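Data from target-v8.pdb: PDB, C-alpha atoms, pLDDT in the B column
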```
ATOM      1  CA  MET A 612     214.666  31.205 179.711  1.00 62.00           C
ATOM      2  CA  SER A 613     212.636  31.769 182.866  1.00 70.00           C
ATOM      3  CA  ALA A 614     209.169  30.288 183.229  1.00 87.00           C
ATOM      4  CA  LEU A 615     206.715  32.524 181.407  1.00 91.00           C
ATOM      5  CA  GLU A 616     203.899  34.170 183.310  1.00 90.00           C
ATOM      6  CA  THR A 617     200.543  32.551 182.698  1.00 89.00           C
ATOM      7  CA  GLY A 618     198.553  34.483 180.113  1.00 90.00           C
ATOM      8  CA  SER A 619     201.529  36.560 178.992  1.00 94.00           C
ATOM      9  CA  PHE A 620     202.055  37.594 175.377  1.00 97.00           C
ATOM     10  CA  LEU A 621     204.585  34.877 174.536  1.00 96.00           C
ATOM     11  CA  THR A 622     202.382  32.105 175.914  1.00 96.00           C
ATOM     12  CA  GLU A 623     199.673  33.124 173.423  1.00 96.00           C
ATOM     13  CA  LEU A 624     201.906  32.737 170.350  1.00 97.00           C
ATOM     14  CA  THR A 625     202.172  29.576 168.302  1.00 96.00           C
ATOM     15  CA  PRO A 626     205.647  28.064 167.819  1.00 96.00           C
ATOM     16  CA  VAL A 627     205.691  29.392 164.246  1.00 96.00           C
ATOM     17  CA  GLU A 628     204.703  32.912 165.303  1.00 97.00           C
ATOM     18  CA  ARG A 629     207.233  32.916 168.090  1.00 96.00           C
ATOM     19  CA  ALA A 630     210.050  31.676 165.852  1.00 97.00           C
ATOM     20  CA  GLU A 631     209.371  34.386 163.272  1.00 97.00           C
ATOM     21  CA  LEU A 632     209.243  37.117 165.901  1.00 97.00           C
ATOM     22  CA  GLU A 633     212.549  35.920 167.330  1.00 97.00           C
ATOM     23  CA  SER A 634     214.085  35.967 163.845  1.00 97.00           C
ATOM     24  CA  ARG A 635     213.157  39.643 163.507  1.00 97.00           C
ATOM     25  CA  GLY A 636     214.893  40.739 166.727  1.00 97.00           C
ATOM     26  CA  ARG A 637     217.948  40.246 168.876  1.00 97.00           C
ATOM     27  CA  VAL A 638     218.422  39.315 172.510  1.00 98.00           C
ATOM     28  CA  ARG A 639     219.613  42.031 174.878  1.00 97.00           C
ATOM     29  CA  ASP A 640     220.606  41.825 178.548  1.00 98.00           C
ATOM     30  CA  PHE A 641     220.006  44.543 181.138  1.00 98.00           C
ATOM     31  CA  GLU A 642     221.363  44.836 184.654  1.00 97.00           C
ATOM     32  CA  ARG A 643     219.168  45.510 187.671  1.00 95.00           C
ATOM     33  CA  GLY A 644     218.234  49.197 187.648  1.00 95.00           C
ATOM     34  CA  ALA A 645     218.870  49.611 183.924  1.00 97.00           C
ATOM     35  CA  THR A 646     216.356  51.627 181.917  1.00 96.00           C
ATOM     36  CA  LEU A 647     214.715  49.959 178.919  1.00 96.00           C
ATOM     37  CA  PHE A 648     212.372  52.797 177.912  1.00 96.00           C
ATOM     38  CA  VAL A 649     212.163  56.456 178.882  1.00 95.00           C
ATOM     39  CA  GLU A 650     208.872  58.304 179.162  1.00 94.00           C
ATOM     40  CA  GLY A 651     208.490  60.832 176.354  1.00 93.00           C
ATOM     41  CA  GLU A 652     211.066  59.328 173.992  1.00 93.00           C
ATOM     42  CA  ARG A 653     210.236  58.379 170.418  1.00 91.00           C
ATOM     43  CA  PRO A 654     209.467  54.689 169.934  1.00 87.00           C
ATOM     44  CA  GLY A 655     212.337  52.802 168.347  1.00 92.00           C
ATOM     45  CA  TRP A 656     211.750  49.246 169.482  1.00 96.00           C
ATOM     46  CA  VAL A 657     209.547  46.902 171.459  1.00 97.00           C
ATOM     47  CA  ALA A 658     210.684  44.349 174.024  1.00 97.00           C
ATOM     48  CA  VAL A 659     209.501  40.860 174.886  1.00 98.00           C
ATOM     49  CA  LEU A 660     210.710  39.781 178.320  1.00 97.00           C
ATOM     50  CA  LEU A 661     212.479  36.432 178.326  1.00 97.00           C
ATOM     51  CA  LYS A 662     213.882  36.592 181.855  1.00 96.00           C
ATOM     52  CA  GLY A 663     213.470  38.853 184.869  1.00 96.00           C
ATOM     53  CA  ARG A 664     210.906  41.459 185.895  1.00 96.00           C
ATOM     54  CA  VAL A 665     210.513  45.155 185.217  1.00 97.00           C
ATOM     55  CA  LYS A 666     208.433  48.045 186.461  1.00 96.00           C
ATOM     56  CA  ALA A 667     206.575  50.544 184.306  1.00 94.00           C
ATOM     57  CA  PHE A 668     206.246  53.953 185.912  1.00 94.00           C
ATOM     58  CA  SER A 669     205.569  57.603 185.260  1.00 92.00           C
ATOM     59  CA  TYR A 670     206.995  60.620 187.059  1.00 86.00           C
ATOM     60  CA  ARG A 671     204.590  62.616 189.213  1.00 78.00           C
ATOM     61  CA  GLU A 672     204.360  66.378 188.800  1.00 72.00           C
ATOM     62  CA  GLN A 673     204.941  66.816 192.549  1.00 72.00           C
ATOM     63  CA  GLY A 674     207.942  64.494 192.453  1.00 70.00           C
ATOM     64  CA  GLY A 675     208.431  60.768 192.852  1.00 78.00           C
ATOM     65  CA  GLU A 676     207.250  57.863 190.763  1.00 86.00           C
ATOM     66  CA  ALA A 677     203.783  56.514 190.080  1.00 89.00           C
ATOM     67  CA  LEU A 678     204.280  52.791 189.600  1.00 91.00           C
ATOM     68  CA  LEU A 679     201.904  51.644 186.866  1.00 91.00           C
ATOM     69  CA  ALA A 680     202.626  47.935 186.536  1.00 91.00           C
ATOM     70  CA  VAL A 681     205.062  45.108 187.146  1.00 94.00           C
ATOM     71  CA  ARG A 682     205.731  42.806 184.202  1.00 94.00           C
ATOM     72  CA  GLY A 683     207.378  39.400 184.152  1.00 94.00           C
ATOM     73  CA  PRO A 684     208.722  36.875 181.630  1.00 96.00           C
ATOM     74  CA  GLY A 685     206.628  36.678 178.480  1.00 97.00           C
ATOM     75  CA  ALA A 686     205.365  40.258 178.666  1.00 97.00           C
ATOM     76  CA  LEU A 687     205.292  42.559 175.647  1.00 97.00           C
ATOM     77  CA  LEU A 688     206.525  46.101 176.314  1.00 96.00           C
ATOM     78  CA  GLY A 689     206.436  49.279 174.261  1.00 94.00           C
ATOM     79  CA  GLU A 690     203.900  48.055 171.730  1.00 95.00           C
ATOM     80  CA  VAL A 691     201.501  51.010 172.098  1.00 93.00           C
ATOM     81  CA  ALA A 692     204.117  53.590 171.108  1.00 93.00           C
ATOM     82  CA  ALA A 693     205.242  51.369 168.237  1.00 93.00           C
ATOM     83  CA  ILE A 694     201.671  51.087 166.966  1.00 93.00           C
ATOM     84  CA  ASP A 695     200.558  54.722 167.262  1.00 93.00           C
ATOM     85  CA  GLY A 696     203.967  56.305 166.706  1.00 92.00           C
ATOM     86  CA  LEU A 697     203.581  58.709 169.634  1.00 93.00           C
ATOM     87  CA  PRO A 698     206.145  59.267 172.428  1.00 93.00           C
ATOM     88  CA  ARG A 699     206.300  56.632 175.129  1.00 94.00           C
ATOM     89  CA  SER A 700     203.776  57.151 177.919  1.00 91.00           C
ATOM     90  CA  ALA A 701     205.876  55.514 180.650  1.00 93.00           C
ATOM     91  CA  SER A 702     209.410  54.531 181.596  1.00 95.00           C
ATOM     92  CA  VAL A 703     210.448  50.910 182.120  1.00 97.00           C
ATOM     93  CA  GLU A 704     213.225  49.848 184.496  1.00 96.00           C
ATOM     94  CA  ALA A 705     214.657  46.430 185.339  1.00 97.00           C
ATOM     95  CA  LEU A 706     213.862  45.300 188.883  1.00 95.00           C
ATOM     96  CA  GLU A 707     216.402  42.491 188.522  1.00 94.00           C
ATOM     97  CA  PRO A 708     218.707  41.223 185.757  1.00 96.00           C
ATOM     98  CA  VAL A 709     216.604  41.097 182.610  1.00 97.00           C
ATOM     99  CA  ARG A 710     216.901  39.421 179.224  1.00 97.00           C
ATOM    100  CA  ALA A 711     214.645  40.677 176.466  1.00 98.00           C
ATOM    101  CA  LEU A 712     214.013  40.147 172.786  1.00 98.00           C
ATOM    102  CA  ALA A 713     214.400  43.556 171.147  1.00 98.00           C
ATOM    103  CA  VAL A 714     212.488  44.100 167.914  1.00 97.00           C
ATOM    104  CA  THR A 715     212.547  47.382 166.027  1.00 97.00           C
ATOM    105  CA  ALA A 716     209.219  49.155 165.686  1.00 96.00           C
ATOM    106  CA  ASP A 717     209.290  48.683 161.914  1.00 96.00           C
ATOM    107  CA  GLU A 718     209.976  44.960 162.171  1.00 97.00           C
ATOM    108  CA  PHE A 719     207.280  44.586 164.819  1.00 97.00           C
ATOM    109  CA  MET A 720     204.675  46.311 162.642  1.00 96.00           C
ATOM    110  CA  ALA A 721     205.703  44.166 159.676  1.00 96.00           C
ATOM    111  CA  PHE A 722     205.253  41.082 161.866  1.00 97.00           C
ATOM    112  CA  LEU A 723     201.736  42.199 162.839  1.00 96.00           C
ATOM    113  CA  GLN A 724     200.792  42.807 159.217  1.00 95.00           C
ATOM    114  CA  VAL A 725     201.667  39.198 158.433  1.00 95.00           C
ATOM    115  CA  HIS A 726     200.049  37.741 161.567  1.00 96.00           C
ATOM    116  CA  GLY A 727     196.602  39.243 162.073  1.00 94.00           C
ATOM    117  CA  ARG A 728     195.849  36.775 164.874  1.00 96.00           C
ATOM    118  CA  VAL A 729     198.630  38.314 166.959  1.00 97.00           C
ATOM    119  CA  SER A 730     197.071  41.756 166.474  1.00 96.00           C
ATOM    120  CA  VAL A 731     193.862  40.423 168.026  1.00 96.00           C
ATOM    121  CA  ILE A 732     195.869  39.012 170.958  1.00 96.00           C
ATOM    122  CA  ILE A 733     197.391  42.447 171.541  1.00 96.00           C
ATOM    123  CA  MET A 734     193.979  44.129 171.374  1.00 95.00           C
ATOM    124  CA  ARG A 735     192.703  41.767 174.060  1.00 94.00           C
ATOM    125  CA  MET A 736     195.770  42.435 176.213  1.00 93.00           C
ATOM    126  CA  LEU A 737     195.287  46.188 175.910  1.00 92.00           C
ATOM    127  CA  CYS A 738     191.613  45.871 176.809  1.00 93.00           C
ATOM    128  CA  GLN A 739     192.608  43.885 179.901  1.00 90.00           C
ATOM    129  CA  ARG A 740     195.120  46.585 180.895  1.00 87.00           C
ATOM    130  CA  TRP A 741     192.535  49.342 180.445  1.00 87.00           C
ATOM    131  CA  ARG A 742     190.020  47.436 182.558  1.00 89.00           C
ATOM    132  CA  ASP A 743     192.680  46.902 185.222  1.00 83.00           C
ATOM    133  CA  ALA A 744     193.548  50.615 185.164  1.00 80.00           C
ATOM    134  CA  ASP A 745     189.856  51.509 185.561  1.00 80.00           C
ATOM    135  CA  ARG A 746     189.577  49.112 188.502  1.00 77.00           C
ATOM    136  CA  LYS A 747     192.623  50.609 190.198  1.00 74.00           C
ATOM    137  CA  ARG A 748     191.258  54.143 189.737  1.00 74.00           C
ATOM    138  CA  ALA A 749     188.018  53.052 191.366  1.00 74.00           C
ATOM    139  CA  GLU A 750     189.994  51.661 194.317  1.00 70.00           C
ATOM    140  CA  PHE A 751     191.232  55.129 195.227  1.00 69.00           C
ATOM    141  CA  GLY A 752     187.720  56.200 196.117  1.00 66.00           C
ATOM    142  CA  MET A 753     186.702  52.926 197.739  1.00 73.00           C
ATOM    143  CA  PHE A 754     189.652  51.974 199.953  1.00 79.00           C
ATOM    144  CA  ASP A 755     192.055  53.657 202.340  1.00 87.00           C
ATOM    145  CA  ALA A 756     195.817  53.174 202.065  1.00 88.00           C
ATOM    146  CA  THR A 757     195.744  49.957 204.091  1.00 91.00           C
ATOM    147  CA  GLY A 758     193.107  48.459 201.813  1.00 90.00           C
ATOM    148  CA  ARG A 759     195.040  49.408 198.690  1.00 90.00           C
ATOM    149  CA  VAL A 760     198.271  47.999 200.120  1.00 93.00           C
ATOM    150  CA  ALA A 761     196.419  44.762 200.925  1.00 92.00           C
ATOM    151  CA  GLN A 762     195.189  44.599 197.316  1.00 91.00           C
ATOM    152  CA  ARG A 763     198.659  44.993 195.875  1.00 92.00           C
ATOM    153  CA  LEU A 764     200.089  42.401 198.278  1.00 94.00           C
ATOM    154  CA  VAL A 765     197.421  39.944 197.140  1.00 93.00           C
ATOM    155  CA  GLU A 766     198.409  40.590 193.533  1.00 91.00           C
ATOM    156  CA  LEU A 767     202.103  40.158 194.307  1.00 93.00           C
ATOM    157  CA  ALA A 768     201.463  36.949 196.250  1.00 93.00           C
ATOM    158  CA  GLU A 769     199.374  35.484 193.443  1.00 92.00           C
ATOM    159  CA  ARG A 770     201.818  36.411 190.688  1.00 90.00           C
ATOM    160  CA  PHE A 771     205.202  36.177 192.392  1.00 91.00           C
ATOM    161  CA  GLY A 772     204.597  34.050 195.476  1.00 90.00           C
ATOM    162  CA  VAL A 773     206.211  30.744 196.396  1.00 91.00           C
ATOM    163  CA  PRO A 774     205.246  28.444 199.293  1.00 90.00           C
ATOM    164  CA  TYR A 775     206.930  29.273 202.567  1.00 88.00           C
ATOM    165  CA  GLU A 776     207.035  26.969 205.563  1.00 80.00           C
ATOM    166  CA  ARG A 777     206.390  28.904 208.734  1.00 71.00           C
ATOM    167  CA  ARG A 778     208.561  27.613 211.549  1.00 63.00           C
ATOM    168  CA  SER A 779     206.308  28.815 214.332  1.00 60.00           C
ATOM    169  CA  GLY A 780     202.958  30.438 214.880  1.00 56.00           C
ATOM    170  CA  PRO A 781     199.344  29.483 214.215  1.00 54.00           C
ATOM    171  CA  ALA A 782     199.619  29.077 210.462  1.00 48.00           C
ATOM    172  CA  ALA A 783     200.110  25.534 209.260  1.00 47.00           C
ATOM    173  CA  ALA A 784     203.009  24.620 207.006  1.00 45.00           C
ATOM    174  CA  GLY A 785     202.307  25.499 203.383  1.00 48.00           C
ATOM    175  CA  GLN A 786     199.815  28.276 204.100  1.00 78.00           C
ATOM    176  CA  SER A 787     202.362  31.065 204.003  1.00 91.00           C
ATOM    177  CA  VAL A 788     203.659  32.589 200.770  1.00 93.00           C
ATOM    178  CA  ARG A 789     206.952  34.394 200.219  1.00 94.00           C
ATOM    179  CA  ILE A 790     206.820  37.164 197.618  1.00 94.00           C
ATOM    180  CA  THR A 791     209.913  36.801 195.440  1.00 92.00           C
ATOM    181  CA  LEU A 792     209.735  40.294 193.969  1.00 91.00           C
ATOM    182  CA  ASN A 793     211.474  42.935 196.065  1.00 85.00           C
ATOM    183  CA  LEU A 794     209.705  46.289 195.929  1.00 89.00           C
ATOM    184  CA  SER A 795     210.801  49.161 198.127  1.00 88.00           C
ATOM    185  CA  GLN A 796     208.267  51.015 200.264  1.00 89.00           C
ATOM    186  CA  GLU A 797     208.689  53.979 197.911  1.00 90.00           C
ATOM    187  CA  GLU A 798     207.769  51.799 194.927  1.00 91.00           C
ATOM    188  CA  LEU A 799     204.820  50.291 196.767  1.00 92.00           C
ATOM    189  CA  ALA A 800     203.690  53.795 197.740  1.00 91.00           C
ATOM    190  CA  GLY A 801     203.864  54.860 194.102  1.00 89.00           C
ATOM    191  CA  TRP A 802     201.782  51.829 193.150  1.00 90.00           C
ATOM    192  CA  VAL A 803     198.966  52.469 195.631  1.00 89.00           C
ATOM    193  CA  GLY A 804     199.005  56.261 195.292  1.00 85.00           C
ATOM    194  CA  ALA A 805     199.922  56.995 198.906  1.00 87.00           C
ATOM    195  CA  SER A 806     202.828  58.484 200.811  1.00 88.00           C
ATOM    196  CA  ARG A 807     205.670  56.320 202.039  1.00 90.00           C
ATOM    197  CA  GLU A 808     204.567  57.096 205.605  1.00 93.00           C
ATOM    198  CA  ALA A 809     201.020  55.882 204.884  1.00 93.00           C
ATOM    199  CA  VAL A 810     202.363  52.659 203.362  1.00 93.00           C
ATOM    200  CA  SER A 811     204.666  52.100 206.328  1.00 93.00           C
ATOM    201  CA  LYS A 812     201.699  52.538 208.675  1.00 95.00           C
ATOM    202  CA  ALA A 813     199.597  50.150 206.563  1.00 94.00           C
ATOM    203  CA  LEU A 814     202.313  47.488 206.697  1.00 94.00           C
ATOM    204  CA  ARG A 815     202.537  47.867 210.474  1.00 94.00           C
ATOM    205  CA  THR A 816     198.775  47.352 210.710  1.00 95.00           C
ATOM    206  CA  LEU A 817     198.903  44.219 208.569  1.00 95.00           C
ATOM    207  CA  ARG A 818     201.837  42.892 210.591  1.00 94.00           C
ATOM    208  CA  ALA A 819     199.966  43.534 213.833  1.00 94.00           C
ATOM    209  CA  HIS A 820     197.134  41.331 212.560  1.00 93.00           C
ATOM    210  CA  GLY A 821     199.673  38.587 211.870  1.00 92.00           C
ATOM    211  CA  TRP A 822     198.778  38.522 208.171  1.00 94.00           C
ATOM    212  CA  ILE A 823     202.223  39.446 206.867  1.00 94.00           C
ATOM    213  CA  GLU A 824     205.847  39.412 207.954  1.00 92.00           C
ATOM    214  CA  THR A 825     208.446  41.853 206.679  1.00 90.00           C
ATOM    215  CA  GLY A 826     212.205  42.053 206.949  1.00 83.00           C
ATOM    216  CA  ARG A 827     215.202  43.163 204.964  1.00 78.00           C
ATOM    217  CA  ARG A 828     214.346  42.273 201.372  1.00 75.00           C
ATOM    218  CA  ARG A 829     211.720  39.845 202.680  1.00 85.00           C
ATOM    219  CA  LEU A 830     207.947  39.931 202.482  1.00 91.00           C
ATOM    220  CA  ILE A 831     205.920  36.925 203.576  1.00 94.00           C
ATOM    221  CA  VAL A 832     202.146  36.625 203.514  1.00 95.00           C
ATOM    222  CA  HIS A 833     200.897  34.358 206.297  1.00 93.00           C
ATOM    223  CA  ASP A 834     197.158  34.784 205.707  1.00 92.00           C
ATOM    224  CA  LEU A 835     196.315  35.458 202.071  1.00 92.00           C
ATOM    225  CA  GLN A 836     192.598  34.936 202.633  1.00 92.00           C
ATOM    226  CA  ALA A 837     192.538  37.623 205.312  1.00 92.00           C
ATOM    227  CA  LEU A 838     194.269  40.044 202.936  1.00 92.00           C
ATOM    228  CA  ARG A 839     191.724  39.224 200.225  1.00 89.00           C
ATOM    229  CA  ARG A 840     188.843  39.906 202.615  1.00 88.00           C
ATOM    230  CA  HIS A 841     190.390  43.206 203.704  1.00 85.00           C
ATOM    231  CA  ALA A 842     190.920  44.202 200.059  1.00 76.00           C
ATOM    232  CA  ARG A 843     187.268  43.750 199.073  1.00 73.00           C
TER     233      ARG A 843
END
```

Here is the file; what I need is its structure written in the form of structure tokens.
Amino acid sequence: MSALETGSFLTELTPVERAELESRGRVRDFERGATLFVEGERPGWVAVLLKGRVKAFSYREQGGEALLAVRGPGALLGEVAAIDGLPRSASVEALEPVRALAVTADEFMAFLQVHGRVSVIIMRMLCQRWRDADRKRAEFGMFDATGRVAQRLVELAERFGVPYERRSGPAAAGQSVRITLNLSQEELAGWVGASREAVSKALRTLRAHGWIETGRRRLIVHDLQALRRHAR
């Protein structure tokens, strides 16, 4: 199993809770690009990520995707539809090979009825997601496309960044961070609510400042503090 993301659903469970949840489901593997959930479908199961990362997105009326979130190992997916019984509000697709624990909606609800503490954990997680969604909505009125791109790059660097030794330039070794999650410009545009052209222009601006470096399937942040300042 991959290292679990700090603060993820699985990290909050006790060994006993985790063992029982695992006993109620089965492990499934998905290839990169595979669809786990489809927006609008009836809820049949929930997923707990054990390995790999996925994106949750919704289709825009004018075409294209609105990227809602990126989830990593330890994340719980599909729980809202399982709880309220309504159609799924978003689609989920594997960004890389994924392994997940699949638990039917009925088994998941039975698990929650036995473990009230886990229900409280989920309520806190949902509150955190709603607060994050409110914050992102506020960003649209406060920042231009470059500012919103900077914010998402900070988030990616903090969640999916690994140290990168810069061979040349003013930055000292260890200051740079390589983002290990590969998002296309279209996906990044859907995340920040801008056109692909606006995102491309924003990336050029950030590169011109020397704060980031981009290449084929490569995104390196050379000055994370500068990005944070620009994203405030």

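For the pair atom CA of Leu794 of chain A and atom CA of Ala744 of chain A, the interatomic distance is 19.9 Å.
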
Extract, using only C-alpha atoms, all DNA, RNA and protein residues at most 8 Å from Ile831 of chain A, discarding same-chain residues fewer than 3 positions from it, and format them as a VMD selection string.
-> chain A and resid 775 787 to 790 823 to 825

Would you be able to write out as a ChimeraX atom specification which residues have an atom within 6 Å of (217.6, 45.2, 189.5) in the file's coordinates, counting only C-alpha atoms?
-> /A:643-644,705-708

Val659 of chain A surroundings by all atoms listed in the file, 7 Å radius, close-in-sequence under 4 positions cut, as a ChimeraX atom specification = /A:685-688,711-713

Identify all residues satisfying the PyMOL selection byres ((chain A and resi 802-811) around 8) in the given file; provide them as a list of chain:residue names.
->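 That expression, the PyMOL selection byres ((chain A and resi 802-811) around 8), corresponds here to A:Ala677, A:Leu678, A:Leu679, A:Ala680, A:Phe751, A:Ala756, A:Thr757, A:Arg759, A:Val760, A:Arg763, A:Gln796, A:Glu797, A:Glu798, A:Leu799, A:Ala800, A:Gly801, A:Lys812, A:Ala813, A:Leu814, A:Arg815.
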
Can you work out the spacing between atom CA of Arg746 of chain A and atom CA of Gly689 of chain A in Å, to one decimal?
-> 22.1 Å

Among A:Gln786, A:Gln739, A:Ser730, A:Thr816, Glu628 of chain A is approached most closely, using only C-alpha atoms, by A:Ser730

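Note that atom CA of His833 of chain A and atom CA of Ala819 of chain A are 11.9 Å apart.
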
Report as a ChimeraX atom specification the full result of the PyMOL selection byres ((chain A and resi 655) around 10) when it is applied to this structure.
-> /A:648,652-654,656-657,689,692-693,696,698-699,713-717

Since we have the selection now, will you write its residues out, keeping C-alpha atoms, as a compact mmCIF listing (two decimals), keeping the file's coordinate frame?
```
# COMPACT_ATOMS: atom_id res chain seq x y z
CA PHE A 648 212.37 52.80 177.91
CA GLU A 652 211.07 59.33 173.99
CA ARG A 653 210.24 58.38 170.42
CA PRO A 654 209.47 54.69 169.93
CA TRP A 656 211.75 49.25 169.48
CA VAL A 657 209.55 46.90 171.46
CA GLY A 689 206.44 49.28 174.26
CA ALA A 692 204.12 53.59 171.11
CA ALA A 693 205.24 51.37 168.24
CA GLY A 696 203.97 56.30 166.71
CA PRO A 698 206.14 59.27 172.43
CA ARG A 699 206.30 56.63 175.13
CA ALA A 713 214.40 43.56 171.15
CA VAL A 714 212.49 44.10 167.91
CA THR A 715 212.55 47.38 166.03
CA ALA A 716 209.22 49.16 165.69
CA ASP A 717 209.29 48.68 161.91
```

Pick out the closest residue to Thr622 of chain A from this set: A:Gly727, A:Pro684, A:Gly758, A:Gly826. Count all atoms listed in the file.
->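 Using all atoms listed in the file, Thr622 of chain A sits closest to A:Pro684.
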
For segment 724-738 of chain A, take all atoms listed in the file, fit an axis-aligned box around them, add 8 Å to each of the six sides, then output centre and edge lengths in Å rounded to one decimal, as JSON.
```
{"center_x": 196.6, "center_y": 41.5, "center_z": 167.6, "size_x": 26.1, "size_y": 25.4, "size_z": 34.4}
```

From A:Val665, A:Ala701, A:Thr625, A:Glu690, residue lying nearest Asn793 of chain A [all atoms listed in the file] |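 For Asn793 of chain A, the nearest of the candidates is A:Val665.
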
Give the answer as one residue: which of A:Ala768, A:Val649, A:Ala761, A:Leu737 has the shortest atom-to-atom distance to Ala842 of chain A, using all atoms listed in the file?
->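 Looking only at the distances to Ala842 of chain A, the closest residue turns out to be A:Ala761.
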
Shortest interatomic distance to Phe668 of chain A - which of A:Val729, A:Glu704, A:Arg639, A:Leu764, counting all atoms listed in the file = A:Glu704

Quick one: of A:Ser669, A:Ser613, A:Gln762, A:Gln836, who's nearest to Gly651 of chain A, counting all atoms listed in the file?
->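 Between A:Ser669, A:Ser613, A:Gln762, A:Gln836, the residue approaching Gly651 of chain A most closely is A:Ser669.
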
Do a neighbour search on Gly683 of chain A at 8 Å with all atoms listed in the file, toss out local chain neighbours closer than 2 positions, and write the hits as an MDAnalysis selection string.
-> chainID A and resid 615:616 660 662:665 681 685:686

Saved selection, atoms kept: C-alpha atoms, as a PDB file, keeping the file's coordinate frame:
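In the end it all went to result-v2.pdb:
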```pdb
ATOM      1  CA  LEU A 615     206.715  32.524 181.407  1.00 91.00           C
ATOM      2  CA  GLU A 616     203.899  34.170 183.310  1.00 90.00           C
ATOM      3  CA  LEU A 660     210.710  39.781 178.320  1.00 97.00           C
ATOM      4  CA  LYS A 662     213.882  36.592 181.855  1.00 96.00           C
ATOM      5  CA  GLY A 663     213.470  38.853 184.869  1.00 96.00           C
ATOM      6  CA  ARG A 664     210.906  41.459 185.895  1.00 96.00           C
ATOM      7  CA  VAL A 665     210.513  45.155 185.217  1.00 97.00           C
ATOM      8  CA  VAL A 681     205.062  45.108 187.146  1.00 94.00           C
ATOM      9  CA  GLY A 685     206.628  36.678 178.480  1.00 97.00           C
ATOM     10  CA  ALA A 686     205.365  40.258 178.666  1.00 97.00           C
TER      11      ALA A 686
END
```
